[in-house]
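Shown next, in structure tokens, is the structure this report addresses.
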Amino acid sequence: MIDPHTHAAEPAAERPVGPTIGPTVGATVERAVELRSITKCFGALRANASVSLHAGAGEVLALLGENGAGKSTLMKILYGLYQPDAGQIIIGGQPVIFRSPADAIAHGIGMVTQHFALVSTMTVAENIALGAGGGLFNRARAETRVRDTAARYHLQIDPAATVCDLSVGEAQRVEILKALSRQARVLILDEPTAVLTPQESRALFGELKQLVAQGLAIIFISHKLDEVLAVADRVTVLRDGSVVGETSTQGASAAHLAEMMVGRAGFTPTGAGLRAHPAPPSSPNSSASGTAAGARTESGIAQDQRSSPGESPLLAMHDVHTSRTRGLSALRGVTLDVRAGEIVGIAGVSGNGQTELAEVLTGMRHITQGSITLLGHSIANVSAAQATASGIGRIPEDRQTGLVGDMTVAENMALEHVRDFTRAGKLSLLDQVKLHAHARALIAQYNIKAAPSSQAGKLSGGTMQKIILARVLSRNPMLVVAAQPTRGLDVGASEYVRGKLIKQRERGAGVLLISEDLDELLALADRIAVMFEGRIIGSVDSAQASAEQLGLMMAGRSGAQSREVRETQHV
Amino acid sequence: MFSVLRASRGAWLLPLAAVVVTFVITLPLLLIARADPLAALYAFVVEPFTSRLSFTEILVKTTPLLLTGIAVAVAFTAGYYNIGAEGQLLAGAVCAAWLGPLLHDVPSIASIPLMLLGGALAGALWALIPALLKTRINVDEVVTTLLLNSVMIFLVSGLLNGPWRNPVTKMPQSPAIARTAEFPMLLASSRLHLGFIVALMVLAGFWFVTRRTAFGLQMRAAGLSKSSAQFLGVDVSRTLLIAALFSGAIAGLAGVGEVAGVHRRLIEDVAGGYGYTGIIVATLGASSPLGTLLSASFMALIDNGAQEASRSLGVPIYLANIVQATLLVTTLVMLFVQRRLRRLR
């Protein structure tokens, strides 16, 4: 997480927001809904900082921003799920207070989330009647009513169809109809295309045009630039909880939107000191060889293996595919190299295959095609235990997965390599003395604020991450796969984690750093590869990369520049 | 719920309070039945401790409850919800009743281990089917283990009313097992048999495996968080399978104990609901070794108390069962409330 204060300190007005048309545009149409200076905090985290926006009847407003920018929080406030700490919601010129979604619905707000609230064994008409509330249920009348509503808004649906027989796109249509049948005048769609195929997305955009033609206001939440430009009339861009720009989509460029969304490069709140690493990608080993002699590892990163740069990469993935879990979020031909002594960053909007990439490398997911080798040996489709044994240090995306919360710190530190803590013999008795000594040593070495017998799940996120780091890095792994290692951590803990990853590079290990924090990637990585829809869409030398360029690639546009860089890089 | 006993450290007042509350709740019923309430209370909680015989009777009852409790606790520890201890106990009992009469010429030193081994294998075998269904194609084990209980109950009934029925008396009882296959008594003029020692040894084994071996650590990890265990390299399917088989084997031992130590033959209600009570024992004991021992003894005490009260007061056994159930529920509620209060603080 980027330090929120750094961003909050920069006033939005100073940003180059380009063709800002601002309130004057909205003034020409009736304002269906307006949010004024909404602020919402969760503990120390400011999710929304004085956010103002409005949507007019008959227009699609896109709410654009990265994950964690505060889009969903804002819409949950508008839908009555959260109460704002400060600010007002104004509907039809009157301030209103929503204590629950029921209040919001009564004021004509409808919301469609990615998780459909439909009873899958009931018909479309029954599901919609459920949402409509009291009275007697008459199947024929309910179906007629649904048919009428659908016809009015030009939505195609069979009211008698059972929901479980519908496609995802059709189920979403039912959710929209449900909101419409409750007289919604403002429709919030929270990342509606995340669950859709491209064809279904196109159909949805057509339907949305029909809806606004009928005078609805639509708030469309997305982090996909193409979609926003295709469907919205106006865009409000959120970053770190604040509005950083507002513009009409007419004449707006994707590059400009990307820049607003990801922020400008150049400032590295955390990386300024870290950037001092010497290792340019061309000679990653010259700097590492000095330190590695002392830190020579059991896992066998011998110097001779590292002193031949570019000859054979440490990790080589070629055309790796996985079976799709849902939609597009699977790997569709990933080719990637990581060499000893370098940090390769993986950027991308979440859901473009980064999770699967980490899982494939850590023995948590099978591949259907392609090859993965570590120092020439195949590690495709190995088990988690085999992945660890072959010298991969695994820092999982979710700390809850990396630890057994109800076990002690000492047990958690031992579990991954339990065979090292047993005394000889068939019964494999646990050596409690060794187990606790090991835990005490790691706690001291990694400065962990916990006792060996502390329950791991009750510790802070930063402490939990330190335990995982200690467990992984103390084994001197050849390759470290770190998935979102600083997500949710405070500044100090993030710094700590980043420092440890840099130490791994200095030691001569390869590091694959998957992160949604571009500043972190720019500060730490030697090279950044961008994932989009299950592929590496391009890779750039981080010394030459800019946040704008990365933002565009994250949005699926591999510009000529990036392709050029990619070719000059090895790959 | 699972750690109610774990949380009750230093709360020895609690059982006493539970008895008093139960007494108050059941007082009207006792009065309606024209039983002396104080005498009933005495019969329930004091009398079991007044004579050696009644005290050893508690231990006799503790034996199968401890075994089925451990059986369920083993499975729960690994995150496998074995509800089939009743059927697995019966499988062990059937095997013992089949082996027992064949061992006339075999000395006890060989026949008793043979009985135990056979019963454990039979229990494990009966647990194998749901365990394979669970680990291979992810069929919910709660349903399959529960349903197999009924299958085994009918199987026992079929055997006892068919091939094994006493040809003379026509009683649904299997032939008596060989004297050499009977469990020796631990104390003169009591019914406390070798099974009690077996149960304590299994308990020690349970403690040892879960707390002192690498497999036990992995097994607890699998039970506490399947996804974490998988990430940390634990073969969760294999762990579940092994835990399920051991669970079945231990329940099978309970069946052997009832046949070889108490009834000396197979009778229809040999299981006596011990398999189901084992679930309560394990749950109440937080699946921990000490907790399982305490809760098994507690369940045995109130079970015996019910019979004692019914006998000495001449009230129907149902009334005693009501008191027993009230005592159990009261204890559970109080443990729960206490834990909540502790958390609030």
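Chain labels A, B, ... are given in the sequence in which chains occur in the structure tokens; within each chain residues are numbered consecutively from 1, and ligands are likewise numbered from 1 in the order shown.
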Determine, counting only C-alpha atoms, which protein, DNA and RNA residues have an atom within 10 Å of an atom of Phe76 in chain B; residues of the same chain fewer than 3 positions away are not included. Present the result as a PDB file with C-alpha atoms, in the first residue's frame.
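For reference, around.pdb as written:
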```pdb
ATOM      1  CA  PHE B   2     -14.741 -26.877  20.205  1.00  0.00           C
ATOM      2  CA  ILE B  70     -10.919 -40.468  20.883  1.00  0.00           C
ATOM      3  CA  ALA B  71     -12.046 -41.985  17.597  1.00  0.00           C
ATOM      4  CA  VAL B  72     -14.124 -38.903  16.825  1.00  0.00           C
ATOM      5  CA  ALA B  73     -11.427 -36.558  18.196  1.00  0.00           C
ATOM      6  CA  GLY B  79     -10.780 -31.926   9.832  1.00  0.00           C
ATOM      7  CA  TYR B  80     -12.612 -35.121   8.929  1.00  0.00           C
ATOM      8  CA  TYR B  81     -16.124 -35.169  10.349  1.00  0.00           C
ATOM      9  CA  ASN B  82     -16.614 -38.819  11.168  1.00  0.00           C
ATOM     10  CA  ILE B  83     -20.155 -39.305  12.439  1.00  0.00           C
ATOM     11  CA  MET B 219      -2.711 -33.477  10.833  1.00  0.00           C
ATOM     12  CA  ARG B 220      -3.564 -30.578  13.141  1.00  0.00           C
ATOM     13  CA  GLY B 223      -7.769 -29.706  10.512  1.00  0.00           C
ATOM     14  CA  LEU B 224      -7.207 -26.075  11.453  1.00  0.00           C
ATOM     15  CA  LEU B 240      -7.513 -37.307   6.041  1.00  0.00           C
ATOM     16  CA  ALA B 243      -6.983 -40.087  10.250  1.00  0.00           C
ATOM     17  CA  ALA B 244     -10.266 -41.608   9.064  1.00  0.00           C
ATOM     18  CA  SER B 247     -10.675 -43.176  13.767  1.00  0.00           C
ATOM     19  CA  ILE B 279     -19.247 -37.063  19.223  1.00  0.00           C
ATOM     20  CA  ALA B 282     -14.973 -35.214  21.561  1.00  0.00           C
ATOM     21  CA  THR B 283     -16.752 -31.912  21.068  1.00  0.00           C
ATOM     22  CA  ALA B 286     -12.282 -29.844  22.387  1.00  0.00           C
ATOM     23  CA  SER B 287     -10.755 -32.933  20.714  1.00  0.00           C
TER      24      SER B 287
END
```
Define the interface residues of chain B facing chain A as those within 12 Å, counting only C-alpha atoms, and report them as a PyMOL selection string. chain B and resi 3+205+208-236
Residues near Phe23 in chain B, anyone? I mean within 10 Å using only C-alpha atoms, not counting same-chain ones fewer than 3 positions away, as JSON, numbers by chain. {"B": [17, 18, 19, 20, 26, 27, 28, 30, 37, 38, 40, 41, 323, 326, 327]}
Please run DSSP on the backbone and report, as a ChimeraX atom specification, all residues within range 91-216 of chain B that come out as helix (DSSP H, G or I). /B:91-102,108-137,141-161,179-181,194-212,214-216
Next, the residues of the selection above should be written as an mmCIF file, in the first residue's frame with C-alpha atoms.
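The file below, again25.cif, is the result:
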```cif
data_model
loop_
_atom_site.group_PDB
_atom_site.id
_atom_site.type_symbol
_atom_site.label_atom_id
_atom_site.label_comp_id
_atom_site.auth_asym_id
_atom_site.auth_seq_id
_atom_site.Cartn_x
_atom_site.Cartn_y
_atom_site.Cartn_z
ATOM 1 C CA ALA B 91 -18.057 -53.513 12.886
ATOM 2 C CA GLY B 92 -15.437 -54.154 15.571
ATOM 3 C CA ALA B 93 -18.032 -55.911 17.732
ATOM 4 C CA VAL B 94 -19.166 -58.145 14.862
ATOM 5 C CA CYS B 95 -15.578 -59.106 14.132
ATOM 6 C CA ALA B 96 -14.972 -59.911 17.825
ATOM 7 C CA ALA B 97 -18.160 -61.982 17.985
ATOM 8 C CA TRP B 98 -17.063 -63.872 14.893
ATOM 9 C CA LEU B 99 -13.474 -64.431 16.043
ATOM 10 C CA GLY B 100 -14.280 -65.075 19.712
ATOM 11 C CA PRO B 101 -15.920 -68.490 19.454
ATOM 12 C CA LEU B 102 -13.139 -69.736 17.151
ATOM 13 C CA SER B 108 -5.229 -65.622 25.916
ATOM 14 C CA ILE B 109 -1.814 -64.137 25.220
ATOM 15 C CA ALA B 110 -2.487 -64.638 21.522
ATOM 16 C CA SER B 111 -6.260 -64.542 21.301
ATOM 17 C CA ILE B 112 -6.759 -61.163 23.012
ATOM 18 C CA PRO B 113 -4.334 -59.300 20.715
ATOM 19 C CA LEU B 114 -5.987 -61.123 17.824
ATOM 20 C CA MET B 115 -9.411 -59.923 18.927
ATOM 21 C CA LEU B 116 -8.162 -56.340 19.259
ATOM 22 C CA LEU B 117 -6.410 -56.434 15.917
ATOM 23 C CA GLY B 118 -9.422 -57.932 14.155
ATOM 24 C CA GLY B 119 -11.814 -55.398 15.649
ATOM 25 C CA ALA B 120 -9.554 -52.490 14.767
ATOM 26 C CA LEU B 121 -9.238 -53.725 11.192
ATOM 27 C CA ALA B 122 -12.994 -54.193 10.893
ATOM 28 C CA GLY B 123 -13.627 -50.669 12.187
ATOM 29 C CA ALA B 124 -11.032 -49.238 9.819
ATOM 30 C CA LEU B 125 -12.528 -51.171 6.916
ATOM 31 C CA TRP B 126 -15.984 -49.784 7.670
ATOM 32 C CA ALA B 127 -14.465 -46.290 7.743
ATOM 33 C CA LEU B 128 -12.573 -46.865 4.506
ATOM 34 C CA ILE B 129 -15.485 -46.457 2.098
ATOM 35 C CA PRO B 130 -16.558 -42.946 3.171
ATOM 36 C CA ALA B 131 -12.913 -41.926 3.550
ATOM 37 C CA LEU B 132 -12.131 -42.938 -0.030
ATOM 38 C CA LEU B 133 -15.271 -41.243 -1.286
ATOM 39 C CA LYS B 134 -14.192 -38.102 0.536
ATOM 40 C CA THR B 135 -10.575 -38.040 -0.581
ATOM 41 C CA ARG B 136 -11.116 -39.215 -4.146
ATOM 42 C CA ILE B 137 -14.314 -37.524 -5.270
ATOM 43 C CA GLU B 141 -18.250 -37.599 4.873
ATOM 44 C CA VAL B 142 -20.880 -36.457 7.361
ATOM 45 C CA VAL B 143 -23.603 -37.949 5.194
ATOM 46 C CA THR B 144 -21.832 -41.144 4.190
ATOM 47 C CA THR B 145 -20.525 -42.062 7.645
ATOM 48 C CA LEU B 146 -23.921 -41.360 9.175
ATOM 49 C CA LEU B 147 -25.774 -43.472 6.623
ATOM 50 C CA LEU B 148 -23.374 -46.381 6.996
ATOM 51 C CA ASN B 149 -24.339 -46.532 10.684
ATOM 52 C CA SER B 150 -27.827 -47.656 9.701
ATOM 53 C CA VAL B 151 -26.414 -50.166 7.260
ATOM 54 C CA MET B 152 -24.321 -51.705 10.019
ATOM 55 C CA ILE B 153 -27.192 -51.714 12.520
ATOM 56 C CA PHE B 154 -29.309 -53.709 10.076
ATOM 57 C CA LEU B 155 -26.381 -55.977 9.311
ATOM 58 C CA VAL B 156 -26.016 -56.764 13.030
ATOM 59 C CA SER B 157 -29.736 -57.319 13.352
ATOM 60 C CA GLY B 158 -29.653 -59.629 10.344
ATOM 61 C CA LEU B 159 -26.827 -61.664 11.790
ATOM 62 C CA LEU B 160 -28.441 -61.947 15.210
ATOM 63 C CA ASN B 161 -31.850 -62.895 13.849
ATOM 64 C CA ARG B 179 -13.025 -68.060 27.642
ATOM 65 C CA THR B 180 -9.513 -67.440 26.379
ATOM 66 C CA ALA B 181 -10.785 -64.585 24.229
ATOM 67 C CA LEU B 194 -8.843 -54.897 30.195
ATOM 68 C CA GLY B 195 -10.599 -52.557 27.752
ATOM 69 C CA PHE B 196 -10.133 -49.704 30.211
ATOM 70 C CA ILE B 197 -6.356 -50.112 30.022
ATOM 71 C CA VAL B 198 -6.592 -50.355 26.250
ATOM 72 C CA ALA B 199 -8.569 -47.088 26.179
ATOM 73 C CA LEU B 200 -5.979 -45.334 28.336
ATOM 74 C CA MET B 201 -3.189 -46.603 26.086
ATOM 75 C CA VAL B 202 -5.023 -45.365 23.008
ATOM 76 C CA LEU B 203 -5.465 -42.020 24.749
ATOM 77 C CA ALA B 204 -1.729 -41.838 25.416
ATOM 78 C CA GLY B 205 -1.089 -42.741 21.788
ATOM 79 C CA PHE B 206 -3.484 -40.047 20.641
ATOM 80 C CA TRP B 207 -1.677 -37.461 22.738
ATOM 81 C CA PHE B 208 1.705 -38.645 21.537
ATOM 82 C CA VAL B 209 0.852 -38.657 17.840
ATOM 83 C CA THR B 210 -0.860 -35.275 17.782
ATOM 84 C CA ARG B 211 1.624 -33.464 20.020
ATOM 85 C CA ARG B 212 4.912 -35.162 19.451
ATOM 86 C CA ALA B 214 5.592 -34.662 12.514
ATOM 87 C CA PHE B 215 2.475 -36.389 11.231
ATOM 88 C CA GLY B 216 0.478 -35.048 14.153
#
```
What's the 10 Å shell around Ile58 in chain B, counting only C-alpha atoms, without same-chain residues fewer than 2 positions away, as a compact mmCIF listing (two decimals) with N, CA and C atoms, in the first residue's frame?
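This went into selection.txt:
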```txt
# COMPACT_ATOMS: atom_id res chain seq x y z
N PRO B 48 -22.68 -42.66 43.26
CA PRO B 48 -21.67 -43.35 42.44
C PRO B 48 -20.31 -43.41 43.11
N PHE B 49 -20.04 -42.47 44.03
CA PHE B 49 -18.73 -42.44 44.66
C PHE B 49 -18.70 -43.13 46.01
N LEU B 53 -18.05 -50.63 43.95
CA LEU B 53 -18.75 -51.21 42.81
C LEU B 53 -19.31 -50.12 41.90
N SER B 54 -20.01 -49.17 42.52
CA SER B 54 -20.62 -48.15 41.67
C SER B 54 -19.57 -47.26 41.04
N PHE B 55 -18.42 -47.11 41.74
CA PHE B 55 -17.36 -46.30 41.15
C PHE B 55 -16.75 -47.01 39.95
N THR B 56 -16.50 -48.32 40.11
CA THR B 56 -15.91 -49.03 38.97
C THR B 56 -16.90 -49.10 37.82
N VAL B 60 -16.34 -48.61 33.90
CA VAL B 60 -16.79 -49.56 32.87
C VAL B 60 -17.45 -48.79 31.74
N LYS B 61 -18.24 -47.82 32.13
CA LYS B 61 -18.95 -47.03 31.13
C LYS B 61 -18.02 -46.04 30.42
N THR B 62 -17.02 -45.59 31.17
CA THR B 62 -16.05 -44.66 30.57
C THR B 62 -15.30 -45.31 29.42
N THR B 63 -15.05 -46.62 29.55
CA THR B 63 -14.21 -47.31 28.56
C THR B 63 -14.68 -47.11 27.12
N LEU B 192 -14.91 -54.14 35.71
CA LEU B 192 -13.89 -53.35 35.03
C LEU B 192 -12.90 -54.27 34.34
N ALA B 296 -15.41 -37.83 28.75
CA ALA B 296 -15.88 -39.22 28.73
C ALA B 296 -16.27 -39.65 30.15
N SER B 297 -15.47 -39.28 31.14
CA SER B 297 -15.79 -39.64 32.53
C SER B 297 -17.08 -38.96 32.97
N PHE B 298 -17.23 -37.70 32.59
CA PHE B 298 -18.42 -36.95 32.96
C PHE B 298 -19.67 -37.58 32.37
N MET B 299 -19.59 -37.94 31.11
CA MET B 299 -20.74 -38.56 30.45
C MET B 299 -21.06 -39.90 31.11
N ALA B 300 -20.02 -40.65 31.47
CA ALA B 300 -20.23 -41.94 32.13
C ALA B 300 -20.89 -41.74 33.50
N LEU B 301 -20.44 -40.69 34.21
CA LEU B 301 -20.99 -40.42 35.55
C LEU B 301 -22.49 -40.13 35.47
N ILE B 302 -22.89 -39.24 34.56
CA ILE B 302 -24.31 -38.90 34.56
C ILE B 302 -25.15 -40.04 33.97
N ASP B 303 -24.53 -40.85 33.12
CA ASP B 303 -25.25 -42.00 32.59
C ASP B 303 -25.52 -43.01 33.70
N ASN B 304 -24.50 -43.29 34.50
CA ASN B 304 -24.66 -44.19 35.63
C ASN B 304 -25.60 -43.61 36.68
N GLY B 305 -25.46 -42.29 36.88
CA GLY B 305 -26.31 -41.62 37.85
C GLY B 305 -27.77 -41.81 37.52
```
Which residues, written as a ChimeraX atom specification, have at least one atom at most 7 Å from Gly333 in chain A, with only C-alpha atoms counted and residues fewer than 4 positions away on the same chain left out? /A:319-321,535
I need the residues from that last selection saved to file as a CSV table (one decimal), in the first residue's frame (with C-alpha atoms), if you can.
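Result file follows (out_1.csv):
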```csv
chain,number,residue,atom,x,y,z
A,319,ASP,CA,4.1,-20.8,-23.2
A,320,VAL,CA,2.5,-21.7,-19.9
A,321,HIS,CA,-1.3,-22.3,-20.0
A,535,ARG,CA,-0.3,-13.2,-20.9
```
For CA of Trp164 in chain B and CA of Ala178 in chain B, determine how far apart the two atoms are, in Å to one decimal place.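 Rounded to one decimal, the two atoms are 15.3 Å apart.
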Counting only C-alpha atoms, which residues of range 149-226 of chain B fall within 6 Å of range 254-276 of chain B, and what is the closest atom pair for each with its distance in Å at one decimal, ordered by chain and rising number, as CSV?
```
residue,atom,partner,partner_atom,distance
B:Gln173,CA,B:Ile267,CA,5.1
B:Ser174,CA,B:Leu266,CA,5.2
B:Ala176,CA,B:Arg265,CA,4.9
B:Ile177,CA,B:Arg264,CA,5.8
B:Glu182,CA,B:Ala260,CA,4.8
B:Phe183,CA,B:Gly261,CA,4.9
B:His193,CA,B:Gly261,CA,5.6
B:Gly195,CA,B:Gly257,CA,5.1
```
Can I get the selection written as a compact mmCIF listing (two decimals), in the first residue's frame, with N, CA, C and O atoms?
```
# COMPACT_ATOMS: atom_id res chain seq x y z
N GLN B 173 -28.92 -63.54 19.97
CA GLN B 173 -27.60 -63.39 20.56
C GLN B 173 -26.64 -64.31 19.82
O GLN B 173 -27.00 -65.42 19.45
N SER B 174 -25.40 -63.86 19.66
CA SER B 174 -24.42 -64.72 19.00
C SER B 174 -23.90 -65.72 20.03
O SER B 174 -24.06 -65.53 21.24
N ALA B 176 -21.48 -67.55 22.60
CA ALA B 176 -20.52 -66.95 23.53
C ALA B 176 -19.11 -67.12 23.00
O ALA B 176 -18.80 -68.10 22.33
N ILE B 177 -18.28 -66.12 23.27
CA ILE B 177 -16.90 -66.22 22.81
C ILE B 177 -16.12 -67.15 23.74
O ILE B 177 -16.56 -67.45 24.86
N GLU B 182 -11.91 -63.85 26.27
CA GLU B 182 -12.51 -62.84 27.13
C GLU B 182 -11.44 -61.93 27.72
O GLU B 182 -10.33 -62.38 28.02
N PHE B 183 -11.80 -60.67 27.90
CA PHE B 183 -10.87 -59.74 28.54
C PHE B 183 -10.81 -60.04 30.03
O PHE B 183 -11.84 -60.23 30.67
N HIS B 193 -12.79 -54.14 33.04
CA HIS B 193 -12.01 -55.11 32.26
C HIS B 193 -10.82 -54.45 31.57
O HIS B 193 -10.62 -53.24 31.62
N GLY B 195 -10.28 -53.62 28.71
CA GLY B 195 -10.60 -52.56 27.75
C GLY B 195 -10.28 -51.18 28.29
O GLY B 195 -9.90 -50.28 27.52
```
Please measure the separation of CA of Leu204 in chain A and CA of Gln156 in chain A, giving the value in Å to one decimal.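 Computing it gives 11.1 Å between the two atoms.
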Just the residues within 12 Å of Gly110 in chain A, please, counting only C-alpha atoms, with nothing from its chain fewer than 3 positions along; format it as number ranges by chain. A: 75-76, 78-80, 101-107, 113, 131, 175-190, 216-219
Enter the distance from CA of Ala32 in chain A to CA of Ile91 in chain A, in Å, rounded to one decimal.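 About the pair CA of Ala32 in chain A and CA of Ile91 in chain A: they are 6.1 Å apart.
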Pro316 in chain B surroundings by only C-alpha atoms, 12 Å radius, close-in-sequence under 4 positions cut, as number ranges by chain: B: 29-30, 33-35, 306-312, 320-323
Generate a file of the selected residues that holds all heavy atoms, formatted as a CSV table (one decimal), in the first residue's frame.
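Writing the result to part37.csv gives the following:
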```csv
chain,number,residue,atom,x,y,z
B,29,LEU,N,-40.4,-31.8,38.2
B,29,LEU,CA,-40.7,-33.1,37.6
B,29,LEU,C,-40.5,-34.2,38.7
B,29,LEU,O,-41.3,-35.1,38.8
B,29,LEU,CB,-39.7,-33.4,36.5
B,29,LEU,CG,-40.0,-32.6,35.2
B,29,LEU,CD1,-38.8,-32.8,34.2
B,29,LEU,CD2,-41.3,-33.1,34.6
B,30,LEU,N,-39.5,-34.0,39.5
B,30,LEU,CA,-39.3,-35.0,40.6
B,30,LEU,C,-40.5,-35.0,41.5
B,30,LEU,O,-40.9,-36.1,42.0
B,30,LEU,CB,-38.0,-34.7,41.3
B,30,LEU,CG,-36.7,-35.0,40.5
B,30,LEU,CD1,-35.5,-34.4,41.2
B,30,LEU,CD2,-36.5,-36.4,40.3
B,33,ALA,N,-43.4,-36.8,40.1
B,33,ALA,CA,-43.2,-38.2,40.2
B,33,ALA,C,-43.2,-38.8,41.6
B,33,ALA,O,-42.9,-39.9,41.9
B,33,ALA,CB,-41.9,-38.6,39.5
B,34,ARG,N,-43.4,-37.9,42.6
B,34,ARG,CA,-43.4,-38.2,44.0
B,34,ARG,C,-42.1,-38.8,44.5
B,34,ARG,O,-42.1,-39.8,45.2
B,34,ARG,CB,-44.6,-39.1,44.3
B,34,ARG,CG,-45.9,-38.5,44.1
B,34,ARG,CD,-47.0,-39.0,45.0
B,34,ARG,NE,-48.3,-38.5,44.7
B,34,ARG,CZ,-49.1,-39.0,43.7
B,34,ARG,NH1,-48.7,-40.1,43.1
B,34,ARG,NH2,-50.3,-38.4,43.5
B,35,ALA,N,-41.0,-38.3,43.9
B,35,ALA,CA,-39.7,-38.8,44.3
B,35,ALA,C,-39.1,-37.7,45.3
B,35,ALA,O,-39.4,-36.5,45.2
B,35,ALA,CB,-38.8,-38.9,43.1
B,306,ALA,N,-28.1,-41.8,36.2
B,306,ALA,CA,-29.5,-41.9,35.8
B,306,ALA,C,-30.0,-43.3,36.2
B,306,ALA,O,-31.1,-43.4,36.8
B,306,ALA,CB,-29.6,-41.7,34.3
B,307,GLN,N,-29.2,-44.3,36.0
B,307,GLN,CA,-29.6,-45.7,36.3
B,307,GLN,C,-29.7,-45.8,37.9
B,307,GLN,O,-30.7,-46.4,38.4
B,307,GLN,CB,-28.6,-46.7,35.8
B,307,GLN,CG,-28.8,-46.8,34.3
B,307,GLN,CD,-27.7,-47.7,33.7
B,307,GLN,OE1,-26.9,-48.3,34.4
B,307,GLN,NE2,-27.7,-47.8,32.4
B,308,GLU,N,-28.7,-45.3,38.5
B,308,GLU,CA,-28.7,-45.3,40.0
B,308,GLU,C,-30.0,-44.7,40.6
B,308,GLU,O,-30.6,-45.3,41.4
B,308,GLU,CB,-27.5,-44.6,40.5
B,308,GLU,CG,-27.0,-45.0,41.9
B,308,GLU,CD,-26.1,-46.2,41.8
B,308,GLU,OE1,-25.3,-46.4,40.9
B,308,GLU,OE2,-26.3,-47.1,42.7
B,309,ALA,N,-30.3,-43.5,40.1
B,309,ALA,CA,-31.4,-42.8,40.6
B,309,ALA,C,-32.7,-43.5,40.3
B,309,ALA,O,-33.6,-43.6,41.2
B,309,ALA,CB,-31.5,-41.4,40.0
B,310,SER,N,-32.8,-44.0,39.1
B,310,SER,CA,-34.0,-44.7,38.7
B,310,SER,C,-34.2,-46.0,39.6
B,310,SER,O,-35.3,-46.2,40.1
B,310,SER,CB,-33.9,-45.2,37.3
B,310,SER,OG,-34.6,-46.3,37.0
B,311,ARG,N,-33.1,-46.7,39.9
B,311,ARG,CA,-33.2,-47.9,40.7
B,311,ARG,C,-33.6,-47.6,42.1
B,311,ARG,O,-34.5,-48.1,42.7
B,311,ARG,CB,-31.9,-48.6,40.6
B,311,ARG,CG,-32.0,-50.1,40.5
B,311,ARG,CD,-30.7,-50.9,40.5
B,311,ARG,NE,-29.5,-50.2,40.5
B,311,ARG,CZ,-28.7,-50.0,39.4
B,311,ARG,NH1,-29.0,-50.6,38.3
B,311,ARG,NH2,-27.6,-49.3,39.5
B,312,SER,N,-32.8,-46.6,42.7
B,312,SER,CA,-33.0,-46.4,44.2
B,312,SER,C,-34.3,-45.7,44.5
B,312,SER,O,-34.8,-45.8,45.6
B,312,SER,CB,-31.8,-45.7,44.7
B,312,SER,OG,-31.7,-44.4,44.2
B,320,ALA,N,-35.1,-40.2,35.0
B,320,ALA,CA,-33.6,-40.1,35.2
B,320,ALA,C,-33.0,-39.6,33.9
B,320,ALA,O,-32.0,-38.8,34.0
B,320,ALA,CB,-33.1,-41.5,35.6
B,321,ASN,N,-33.5,-40.1,32.8
B,321,ASN,CA,-32.9,-39.6,31.5
B,321,ASN,C,-33.1,-38.1,31.3
B,321,ASN,O,-32.2,-37.4,30.8
B,321,ASN,CB,-33.5,-40.4,30.3
B,321,ASN,CG,-33.0,-41.8,30.2
B,321,ASN,OD1,-31.9,-42.1,30.8
B,321,ASN,ND2,-33.7,-42.7,29.6
B,322,ILE,N,-34.2,-37.6,31.8
B,322,ILE,CA,-34.5,-36.2,31.7
B,322,ILE,C,-33.5,-35.4,32.5
B,322,ILE,O,-32.9,-34.4,32.1
B,322,ILE,CB,-35.9,-35.8,32.1
B,322,ILE,CG1,-36.9,-36.4,31.0
B,322,ILE,CG2,-36.1,-34.3,32.3
B,322,ILE,CD1,-38.4,-36.3,31.5
B,323,VAL,N,-33.3,-35.9,33.7
B,323,VAL,CA,-32.3,-35.3,34.6
B,323,VAL,C,-30.9,-35.3,34.0
B,323,VAL,O,-30.2,-34.3,33.9
B,323,VAL,CB,-32.3,-35.9,36.0
B,323,VAL,CG1,-31.2,-35.3,36.9
B,323,VAL,CG2,-33.6,-35.9,36.6
```
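When only C-alpha atoms are used to compute distances to Thr197 in chain A, the closest of the residues A:Met261, A:Val360, A:Val168, A:Ile343 turns out to be A:Val168.
The closest residue to Phe42 in chain A, picked from A:Val409, A:Gln83, A:Ser515, A:Ala57 and counting only C-alpha atoms, is A:Gln83.
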